[in-house]
file target.cif (mmCIF, C-alpha atoms)
data_target
#
loop_
_atom_site.label_atom_id
_atom_site.label_comp_id
_atom_site.auth_asym_id
_atom_site.auth_seq_id
_atom_site.Cartn_x
_atom_site.Cartn_y
_atom_site.Cartn_z
CA MET A 469 13.90 30.30 69.91
CA LYS A 470 12.74 28.34 66.86
CA ILE A 471 10.30 31.10 65.93
CA ILE A 472 13.06 33.72 66.25
CA LYS A 473 15.38 31.64 64.01
CA ILE A 474 12.65 31.26 61.37
CA ILE A 475 11.97 35.02 61.40
CA LEU A 476 15.69 35.78 61.12
CA SER A 477 16.05 33.32 58.22
CA CYS A 478 13.14 34.94 56.38
CA LEU A 479 14.62 38.40 56.92
CA ILE A 480 18.01 37.26 55.59
CA LEU A 481 16.46 35.65 52.50
CA THR A 482 14.38 38.76 51.82
CA SER A 483 17.44 40.95 52.21
CA ILE A 484 19.44 38.78 49.78
CA SER A 485 16.59 38.80 47.24
CA CYS A 486 16.23 42.60 47.40
CA SER A 487 20.00 42.98 47.14
CA GLU A 488 20.12 40.78 44.02
CA LYS A 489 17.33 42.79 42.37
CA SER A 490 19.04 46.06 43.18
CA GLN A 491 22.22 44.77 41.52
CA ILE A 492 20.54 44.31 38.13
CA LYS A 493 22.19 46.83 35.85
CA LYS A 494 20.13 49.13 33.65
CA TYR A 495 20.81 49.74 29.97
CA THR A 496 19.74 51.85 27.04
CA LEU A 497 20.35 51.77 23.28
CA LYS A 498 22.57 54.70 22.37
CA LYS A 499 22.93 56.07 18.83
CA THR A 500 26.48 56.16 17.46
CA GLU A 501 28.12 57.59 14.34
CA LYS A 502 28.16 54.25 12.51
CA LYS A 503 25.85 53.55 9.59
CA LEU A 504 25.26 50.98 6.87
CA SER A 505 24.02 52.02 3.44
CA PHE A 506 22.92 49.80 0.55
CA VAL A 507 22.25 51.31 -2.88
CA LEU A 508 19.13 49.81 -4.49
CA ASP A 509 18.34 49.39 -8.17
CA SER A 510 15.27 50.97 -9.75
CA ASP A 511 13.27 47.73 -9.44
CA THR A 512 13.74 47.30 -5.68
CA LYS A 513 11.90 49.08 -2.88
CA ASN A 514 13.34 49.63 0.59
CA GLU A 515 10.11 48.39 2.13
CA LEU A 516 11.41 44.91 2.93
CA ARG A 517 9.56 41.97 4.44
CA VAL A 518 12.14 39.21 4.01
CA TYR A 519 15.84 39.63 4.79
CA SER A 520 18.65 37.86 6.62
CA ILE A 521 22.38 37.76 7.26
CA TYR A 522 24.02 34.84 5.47
CA LYS A 523 27.54 33.80 6.48
CA GLU A 524 29.64 31.50 4.33
CA LYS A 525 31.90 28.85 5.90
CA GLU A 526 34.91 30.97 4.99
CA GLY A 527 33.49 33.80 7.10
CA LYS A 528 32.26 36.17 4.38
CA GLU A 529 28.94 37.76 5.34
CA TYR A 530 26.10 38.91 3.11
CA PHE A 531 23.07 41.04 3.80
CA THR A 532 20.37 39.34 1.74
CA PHE A 533 16.79 40.32 1.05
CA GLN A 534 13.95 39.49 -1.28
CA ASN A 535 12.72 42.12 -3.67
CA PRO A 536 9.13 42.49 -2.39
CA ASN A 537 7.76 42.57 -5.95
CA THR A 538 9.66 39.65 -7.49
CA ASN A 539 11.18 36.21 -6.91
CA THR A 540 14.63 37.74 -6.60
CA ILE A 541 17.06 37.54 -3.65
CA LEU A 542 19.79 40.18 -3.62
CA PHE A 543 23.15 39.46 -1.99
CA TYR A 544 25.08 42.46 -0.68
CA ASN A 545 28.61 42.17 0.66
CA LEU A 546 28.05 43.23 4.25
CA GLN A 547 31.52 44.67 4.73
CA LYS A 548 31.68 46.60 1.45
CA GLN A 549 27.90 47.26 1.31
CA ASN A 550 27.78 46.63 -2.43
CA LEU A 551 25.58 44.28 -4.47
CA GLU A 552 27.53 41.16 -5.49
CA PHE A 553 24.90 38.99 -7.15
CA LYS A 554 21.21 38.10 -7.40
CA VAL A 555 19.35 34.79 -7.37
CA ASN A 556 16.21 34.64 -9.52
CA PHE A 557 13.56 31.94 -9.21
CA PRO A 558 11.19 31.39 -12.17
CA ILE A 559 7.51 31.56 -11.27
CA ASP A 560 6.13 29.36 -14.05
CA GLY A 561 7.31 26.49 -16.25
CA ASN A 562 9.19 23.29 -15.48
CA ASN A 563 11.60 25.20 -13.27
CA GLY A 564 8.92 27.41 -11.71
CA ILE A 565 8.31 27.56 -7.97
CA GLY A 566 5.31 29.91 -7.90
CA PHE A 567 5.43 33.16 -5.93
CA ALA A 568 8.02 33.04 -3.15
CA ASN A 569 6.85 33.53 0.43
CA GLY A 570 10.25 34.20 1.96
CA TYR A 571 13.33 31.98 1.95
CA TYR A 572 15.92 30.20 4.07
CA ILE A 573 19.52 29.91 2.84
CA HIS A 574 21.02 26.71 4.24
CA ASN A 575 23.87 27.16 1.77
CA LEU A 576 24.06 28.51 -1.76
CA ASP A 577 23.16 25.10 -3.19
CA SER A 578 20.24 24.60 -0.80
CA ILE A 579 17.78 27.49 -0.61
CA TYR A 580 14.33 26.65 0.73
CA VAL A 581 11.45 28.72 -0.64
CA PRO A 582 7.83 28.29 0.52
CA ASN A 583 5.07 28.99 -1.99
CA ARG A 584 2.82 31.96 -1.26
CA ASP A 585 -0.37 30.39 -2.65
CA ILE A 586 -0.21 26.64 -2.03
CA LYS A 587 1.20 24.35 0.66
CA GLU A 588 4.48 23.60 -1.03
CA ILE A 589 8.21 24.15 -0.43
CA SER A 590 10.80 24.29 -3.20
CA LEU A 591 14.49 23.50 -2.83
CA VAL A 592 16.59 25.53 -5.27
CA ASN A 593 20.22 26.55 -5.76
CA LYS A 594 22.00 29.87 -6.37
CA ASN A 595 21.45 29.51 -10.13
CA GLY A 596 17.70 29.48 -9.56
CA THR A 597 17.53 25.83 -10.60
CA LEU A 598 14.75 23.79 -9.02
CA ILE A 599 16.06 20.69 -7.24
CA THR A 600 12.84 19.32 -5.80
CA LYS A 601 9.44 20.25 -4.36
CA TYR A 602 7.41 18.79 -1.52
CA SER A 603 3.92 19.39 -0.27
CA TYR A 604 2.85 19.89 3.33
CA ASP A 605 -0.88 19.66 2.76
CA LYS A 606 -1.12 17.49 5.85
CA ASP A 607 1.39 16.89 8.59
CA VAL A 608 2.31 13.42 9.82
CA ALA A 609 -0.29 13.61 12.63
CA PRO A 610 -2.23 14.21 10.30
CA GLU A 611 -3.75 17.67 10.82
CA ASN A 612 -4.30 20.43 8.33
CA LEU A 613 -1.60 23.08 8.39
CA SER A 614 -1.82 26.63 7.12
CA ILE A 615 0.36 28.21 4.46
CA PHE A 616 3.44 29.64 6.15
CA SER A 617 6.12 32.15 5.28
CA ILE A 618 9.76 32.64 6.25
CA SER A 619 9.70 36.29 7.14
CA ALA A 620 11.86 38.89 8.85
CA SER A 621 9.58 41.90 9.16
CA TYR A 622 7.57 39.76 11.58
CA GLN A 623 10.68 37.88 12.79
CA LYS A 624 9.58 34.40 11.78
CA GLN A 625 12.92 33.02 10.71
CA ALA A 626 13.65 29.35 10.09
CA GLU A 627 16.00 27.63 12.55
CA ILE A 628 18.07 24.51 11.88
CA ILE A 629 18.93 22.00 14.61
CA GLY A 630 20.72 18.96 13.22
CA ARG A 631 18.72 18.00 10.14
CA THR A 632 15.46 19.45 11.44
CA MET A 633 14.18 22.84 10.32
CA TYR A 634 11.86 24.65 12.75
CA LEU A 635 9.39 26.91 10.98
CA TYR A 636 6.59 29.25 11.83
CA SER A 637 3.08 27.98 11.07
CA GLY A 638 0.09 30.16 10.33
CA PRO A 639 -2.42 29.17 13.04
CA ASN A 640 -5.77 28.02 11.67
CA ARG A 641 -8.52 29.54 13.82
CA PHE A 642 -11.11 27.17 12.37
CA ASN A 643 -9.40 24.10 13.87
CA ASP A 644 -9.61 22.91 17.47
CA HIS A 645 -5.82 22.98 17.56
CA ASP A 646 -3.93 25.78 15.86
CA PRO A 647 -0.18 25.23 16.29
CA VAL A 648 2.12 28.23 15.90
CA SER A 649 5.22 26.28 14.81
CA ILE A 650 6.11 23.17 12.83
CA LYS A 651 9.23 21.08 12.24
CA PHE A 652 10.47 19.83 8.91
CA ASN A 653 12.75 16.82 8.45
CA MET A 654 15.27 17.86 5.79
CA ASP A 655 15.96 14.23 4.81
CA SER A 656 12.54 12.55 4.82
CA TYR A 657 10.64 15.80 4.08
CA ASP A 658 8.07 14.98 6.78
CA ILE A 659 6.40 17.97 8.41
CA SER A 660 4.74 17.81 11.83
CA ALA A 661 3.09 20.38 14.06
CA LEU A 662 4.70 21.22 17.40
CA PRO A 663 2.47 20.99 20.51
CA PHE A 664 2.05 24.71 21.24
CA ASP A 665 -1.28 26.19 20.17
CA TYR A 666 -2.05 29.85 19.74
CA PRO A 667 -2.41 30.95 23.39
CA GLU A 668 -5.45 32.37 25.07
CA TYR A 669 -5.31 35.81 26.65
CA PRO A 670 -7.86 38.58 27.32
CA GLY A 671 -9.79 39.16 24.12
CA SER A 672 -8.35 36.24 22.16
CA ASP A 673 -11.30 33.91 22.71
CA ASN A 674 -13.64 35.62 20.26
CA LYS A 675 -12.74 39.04 18.98
CA LEU A 676 -9.15 38.40 17.98
CA LYS A 677 -9.82 34.98 16.52
CA LYS A 678 -12.67 36.18 14.35
CA PHE A 679 -10.62 39.11 13.17
CA GLY A 680 -7.92 36.71 12.02
CA LEU A 681 -4.96 38.23 13.85
CA GLU A 682 -3.35 34.96 14.91
CA THR A 683 -0.42 35.56 12.58
CA ALA A 684 0.48 38.74 14.48
CA PHE A 685 3.37 37.31 16.46
CA SER A 686 7.11 36.76 16.20
CA ARG A 687 9.57 34.12 17.35
CA CYS A 688 13.29 34.00 18.06
CA PHE A 689 15.69 31.25 19.09
CA ASP A 690 18.52 31.54 21.64
CA GLY A 691 20.12 28.15 21.12
CA LYS A 692 18.09 26.46 23.86
CA HIS A 693 14.61 27.95 23.68
CA PHE A 694 12.13 29.38 21.21
CA ILE A 695 10.70 32.63 22.56
CA TYR A 696 7.39 34.05 21.31
CA SER A 697 5.93 37.55 21.37
CA PHE A 698 2.24 37.73 20.49
CA TYR A 699 1.38 41.28 19.53
CA TYR A 700 -1.75 41.57 21.66
CA ASP A 701 -0.38 39.80 24.74
CA GLU A 702 1.83 41.45 27.37
CA ASN A 703 3.45 38.08 28.12
CA ILE A 704 6.23 36.35 26.24
CA TYR A 705 6.37 32.54 26.01
CA ILE A 706 9.53 30.51 26.43
CA ALA A 707 9.27 27.10 24.78
CA SER A 708 11.61 24.12 24.88
CA ILE A 709 12.95 23.02 21.50
CA GLU A 710 10.23 20.40 21.10
CA HIS A 711 7.64 22.78 22.61
CA ASP A 712 6.63 20.25 25.27
CA SER A 713 7.39 22.78 28.01
CA ILE A 714 6.05 26.37 27.91
CA LYS A 715 6.77 29.13 30.41
CA LYS A 716 4.89 32.44 30.41
CA ILE A 717 6.63 35.63 31.58
CA PRO A 718 5.08 39.14 31.71
CA VAL A 719 7.08 41.75 29.80
CA LYS A 720 5.31 45.11 29.89
CA SER A 721 6.22 48.42 28.35
CA LYS A 722 6.42 51.44 30.63
CA TYR A 723 4.82 53.59 27.94
CA PHE A 724 1.31 52.12 28.14
CA ASP A 725 -0.84 50.16 30.60
CA LYS A 726 -2.40 47.58 28.31
CA VAL A 727 -2.90 46.68 24.67
CA ILE A 728 -6.06 47.78 22.90
CA LEU A 729 -7.54 45.16 20.62
CA PRO A 730 -9.11 46.32 17.34
CA GLY A 731 -12.88 46.27 17.27
CA GLU A 732 -14.21 43.15 15.59
CA LEU A 733 -16.65 45.05 13.38
CA THR A 734 -15.48 48.64 13.76
CA ALA A 735 -11.70 48.43 13.28
CA THR A 736 -10.10 50.78 10.78
CA PRO A 737 -6.54 50.81 9.39
CA GLN A 738 -5.94 53.87 11.57
CA ASP A 739 -6.61 51.80 14.70
CA PHE A 740 -3.61 49.62 13.88
CA CYS A 741 -1.44 52.74 13.71
CA GLU A 742 -2.72 54.32 16.91
CA ASN A 743 -3.60 51.53 19.36
CA PRO A 744 -0.91 50.34 21.80
CA TRP A 745 0.39 46.81 21.26
CA TYR A 746 3.62 44.82 21.07
CA GLY A 747 5.84 43.86 18.16
CA ASN A 748 8.78 41.68 17.23
CA LEU A 749 11.11 39.86 19.59
CA LEU A 750 14.81 39.56 18.65
CA TYR A 751 17.66 37.67 20.27
CA ASP A 752 21.12 39.27 20.40
CA LYS A 753 23.51 36.31 20.52
CA TYR A 754 26.55 38.56 20.90
CA ARG A 755 25.36 40.11 24.16
CA ASN A 756 22.97 37.32 25.27
CA ILE A 757 19.99 39.64 25.58
CA TYR A 758 16.56 40.07 23.99
CA TYR A 759 14.79 43.05 22.42
CA ARG A 760 10.99 43.33 22.46
CA ILE A 761 9.39 46.08 20.40
CA SER A 762 6.36 47.93 21.77
CA TYR A 763 4.13 50.56 20.20
CA PRO A 764 2.69 53.27 22.50
CA LYS A 765 -0.72 54.83 21.92
CA GLU A 766 -0.42 57.52 19.27
CA SER A 767 -2.46 59.74 16.97
CA ILE A 768 -1.70 60.35 13.31
CA ASP A 769 -2.69 63.17 10.99
CA LYS A 770 -5.50 62.62 8.50
CA ASN A 771 -3.18 63.17 5.55
CA ILE A 772 -1.08 60.10 6.51
CA ARG A 773 -2.15 56.84 4.90
CA PRO A 774 -2.33 54.23 7.69
CA GLY A 775 -1.50 51.25 5.46
CA GLU A 776 1.67 52.88 4.20
CA LEU A 777 2.69 53.95 7.69
CA LEU A 778 2.24 50.40 9.00
CA SER A 779 4.55 49.00 6.35
CA TYR A 780 7.32 51.28 7.67
CA GLY A 781 6.76 50.42 11.33
CA ARG A 782 4.26 53.04 12.57
CA LYS A 783 4.99 56.51 13.93
CA ASN A 784 7.31 55.50 16.77
CA PHE A 785 8.17 52.61 19.04
CA SER A 786 10.22 51.56 22.03
CA ILE A 787 12.55 48.61 22.52
CA ILE A 788 12.33 46.70 25.80
CA ILE A 789 15.70 45.17 26.74
CA LEU A 790 15.72 41.82 28.59
CA ASP A 791 18.69 40.02 30.10
CA LYS A 792 19.42 36.30 29.73
CA ASN A 793 16.94 35.53 32.54
CA PHE A 794 14.23 37.69 30.92
CA ASN A 795 14.55 40.44 33.51
CA LYS A 796 13.71 43.86 32.12
CA ILE A 797 16.93 45.89 32.17
CA GLY A 798 15.88 48.89 30.12
CA GLU A 799 13.54 50.41 27.56
CA THR A 800 14.48 52.93 24.88
CA LEU A 801 11.92 55.14 23.11
CA PHE A 802 12.74 56.21 19.56
CA PRO A 803 11.78 59.49 17.86
CA ASP A 804 8.74 59.92 15.60
CA PHE A 805 8.91 59.10 11.87
CA THR A 806 12.62 58.25 11.94
CA TYR A 807 13.18 54.48 12.08
CA ASN A 808 11.50 51.42 10.57
CA SER A 809 10.87 49.02 13.45
CA ARG A 810 10.33 46.14 11.01
CA ILE A 811 13.86 46.20 9.61
CA MET A 812 16.61 45.52 12.15
CA ILE A 813 19.78 43.45 12.01
CA ILE A 814 22.01 42.37 14.88
CA LEU A 815 25.75 42.29 14.23
CA LYS A 816 28.80 41.74 16.40
CA ASP A 817 29.20 45.46 17.10
CA GLY A 818 25.56 46.15 17.98
CA LEU A 819 21.99 46.66 16.78
CA TYR A 820 21.32 48.30 13.42
CA ILE A 821 17.87 49.83 12.83
CA SER A 822 16.79 51.01 9.40
CA ASP A 823 16.28 54.77 9.21
CA SER A 824 14.71 54.41 5.76
CA HIS A 825 11.32 55.55 7.04
CA TYR A 826 9.37 57.23 4.26
CA LEU A 827 8.46 60.17 6.53
CA ASN A 828 12.05 60.70 7.62
CA PRO A 829 13.23 64.01 6.05
CA LYS A 830 16.45 62.24 4.94
CA PHE A 831 14.56 59.40 3.23
CA SER A 832 15.66 58.23 -0.20
CA ASP A 833 13.90 55.42 -2.03
CA ASP A 834 17.21 54.57 -3.74
CA ILE A 835 18.94 53.75 -0.45
CA LEU A 836 18.34 51.25 2.33
CA SER A 837 20.24 52.61 5.31
CA PHE A 838 20.75 51.53 8.91
CA GLN A 839 21.72 53.45 12.05
CA HIS A 840 23.96 51.74 14.61
CA PHE A 841 22.96 51.58 18.28
CA LYS A 842 25.19 50.43 21.11
CA LEU A 843 23.95 48.75 24.28
CA THR A 844 25.08 51.18 26.98
CA GLU A 845 24.93 50.88 30.75
CA LEU A 846 23.15 53.73 32.52
#
call {"tool": "encode", "arguments": {"input": "target.cif", "output": "structure tokens"}}
result
Amino acid sequence: MKIIKIILSCLILTSISCSEKSQIKKYTLKKTEKKLSFVLDSDTKNELRVYSIYKEKEGKEYFTFQNPNTNTILFYNLQKQNLEFKVNFPIDGNNGIGFANGYYIHNLDSIYVPNRDIKEISLVNKNGTLITKYSYDKDVAPENLSIFSISASYQKQAEIIGRTMYLYSGPNRFNDHDPVSIKFNMDSYDISALPFDYPEYPGSDNKLKKFGLETAFSRCFDGKHFIYSFYYDENIYIASIEHDSIKKIPVKSKYFDKVILPGELTATPQDFCENPWYGNLLYDKYRNIYYRISYPKESIDKNIRPGELLSYGRKNFSIIILDKNFNKIGETLFPDFTYNSRIMIILKDGLYISDSHYLNPKFSDDILSFQHFKLTEL
């Protein structure tokens, strides 16, 4: 009788588990009629690397981005889609901050700007006035840290928890430990590495490290966890805030079997446009879901310049949709040469993907435009 009861219990548990899996709803990203369109001046390209949504305490929202060729941040009224003002940071002189490597707007009187060339962060205000600088040549451990950026095209945004800023760190492949994130005390200015090193996965032990691709990853934050997507790893990594607990979850695209690493000595720019691999990971706080970009295996014509194509997000891509428990609930493939996978913003009404791809027939270098997509149940 005991054996029969055990068998029945197992059957019931299996039935419940299968029933729960079958109840997971499936979704896609559906194009709507909504668009956003920002008119650019003659000095600004629509090939952005650093951008963010900034919301004032009063509720007014700005779409902000750094001119890729200057130390200028442009502030567009998100509702009206018009340019309201710019913030310019001098490069040289007593007020100079060097070449900006991204930015984080805590408020308009506290804008943090890392230096592109040296291990230094500047604190400036909306008038471009330098308040202070601080070096992070060594962390408090101490261990050498790499120069970092605050980027959006690779989804390496800064996150603030209390008075601690959590930043991406460029892993140093020449060190025994190469942390991928750091934390910065906004009062004492101390910087320390978090205990999560660049992970090992097939091919990362030699080829990838020597090729210097450790910076090819993105990170998002959902309020409780930091989640990482390494471009040549099918897994994502869920880290606690202090990175003392790491969980690895496989998240594979249905459009290819495995990533193809670039050859250590034979890689060409075209390989990075044609090989399958993964991309950025974004968190949608309004719908409590995650988007992981993947790039299927493709071929490109010889008359297309691979470097230029990469800067606009390759030929095509898919977006894997994950629920709050990191279950895959859908994957949407996007058409060729239409959208820039490196420029996306998440708003209350849905996901906006830039359709300012230079090979899109409707492309204009005077406009940065976005197409709206709605999460839709199948």
call {"tool": "residues_around", "arguments": {"input": "target.cif", "residues": "A:Ile541", "least_positions_apart": "5", "cutoff": "8 Å", "atoms": "all atoms listed in the file", "output": "tab-separated table (two decimals) with C-alpha atoms, in the frame of the given file"}}
result
chain	number	residue	atom	x	y	z
A	532	THR	CA	20.37	39.34	1.74
A	533	PHE	CA	16.79	40.32	1.05
A	534	GLN	CA	13.95	39.49	-1.28
A	535	ASN	CA	12.72	42.12	-3.67
A	554	LYS	CA	21.21	38.10	-7.40
A	555	VAL	CA	19.35	34.79	-7.37
A	556	ASN	CA	16.21	34.64	-9.52
call {"tool": "residues_around", "arguments": {"input": "target.cif", "residues": "stretch 683-698 of chain A", "least_positions_apart": "4", "cutoff": "8 Å", "atoms": "all atoms listed in the file", "output": "list in words"}}
result
Tyr622, Gln623, Lys624, Gln625, Glu627, Tyr636, Gly638, Pro639, Glu702, Asn703, Ile704, Tyr705, Ile706, Ala707, Ser708, Ile709, Tyr746, Gly747, Asn748, Leu749, Leu750, Tyr751, Lys753 and Arg760 of chain A
call {"tool": "axis_aligned_box", "arguments": {"input": "target.cif", "around": "stretch 576-580 of chain A", "padding_each_side": "6 Å", "output": "AutoDock Vina command-line options"}}
result
--center_x 19.2 --center_y 26.6 --center_z -1.2 --size_x 21.7 --size_y 15.9 --size_z 15.9
call {"tool": "residues_near_point", "arguments": {"input": "target.cif", "point": "(9.2, 17.5, 6.7)", "cutoff": "12 Å", "atoms": "only C-alpha atoms", "output": "VMD selection string"}}
result
chain A and resid 588 to 589 601 to 609 631 to 635 650 to 661
call {"tool": "atom_distance", "arguments": {"input": "target.cif", "atom1": "atom CA of A:Gly527", "atom2": "atom CA of A:Leu790"}}
result
29.0 Å
call {"tool": "residues_near_point", "arguments": {"input": "target.cif", "point": "(-8.5, 22.3, 10.8)", "cutoff": "10 Å", "atoms": "only C-alpha atoms", "output": "ChimeraX atom specification"}}
result
/A:611-614,639-646
call {"tool": "write_last_selection", "arguments": {"input": "target.cif", "atoms": "C-alpha atoms", "output": "PDB file, keeping the file's coordinate frame"}}
result
ATOM      1  CA  GLU A 611      -3.750  17.670  10.820  1.00  0.00           C
ATOM      2  CA  ASN A 612      -4.300  20.430   8.330  1.00  0.00           C
ATOM      3  CA  LEU A 613      -1.600  23.080   8.390  1.00  0.00           C
ATOM      4  CA  SER A 614      -1.820  26.630   7.120  1.00  0.00           C
ATOM      5  CA  PRO A 639      -2.420  29.170  13.040  1.00  0.00           C
ATOM      6  CA  ASN A 640      -5.770  28.020  11.670  1.00  0.00           C
ATOM      7  CA  ARG A 641      -8.520  29.540  13.820  1.00  0.00           C
ATOM      8  CA  PHE A 642     -11.110  27.170  12.370  1.00  0.00           C
ATOM      9  CA  ASN A 643      -9.400  24.100  13.870  1.00  0.00           C
ATOM     10  CA  ASP A 644      -9.610  22.910  17.470  1.00  0.00           C
ATOM     11  CA  HIS A 645      -5.820  22.980  17.560  1.00  0.00           C
ATOM     12  CA  ASP A 646      -3.930  25.780  15.860  1.00  0.00           C
TER      13      ASP A 646
END
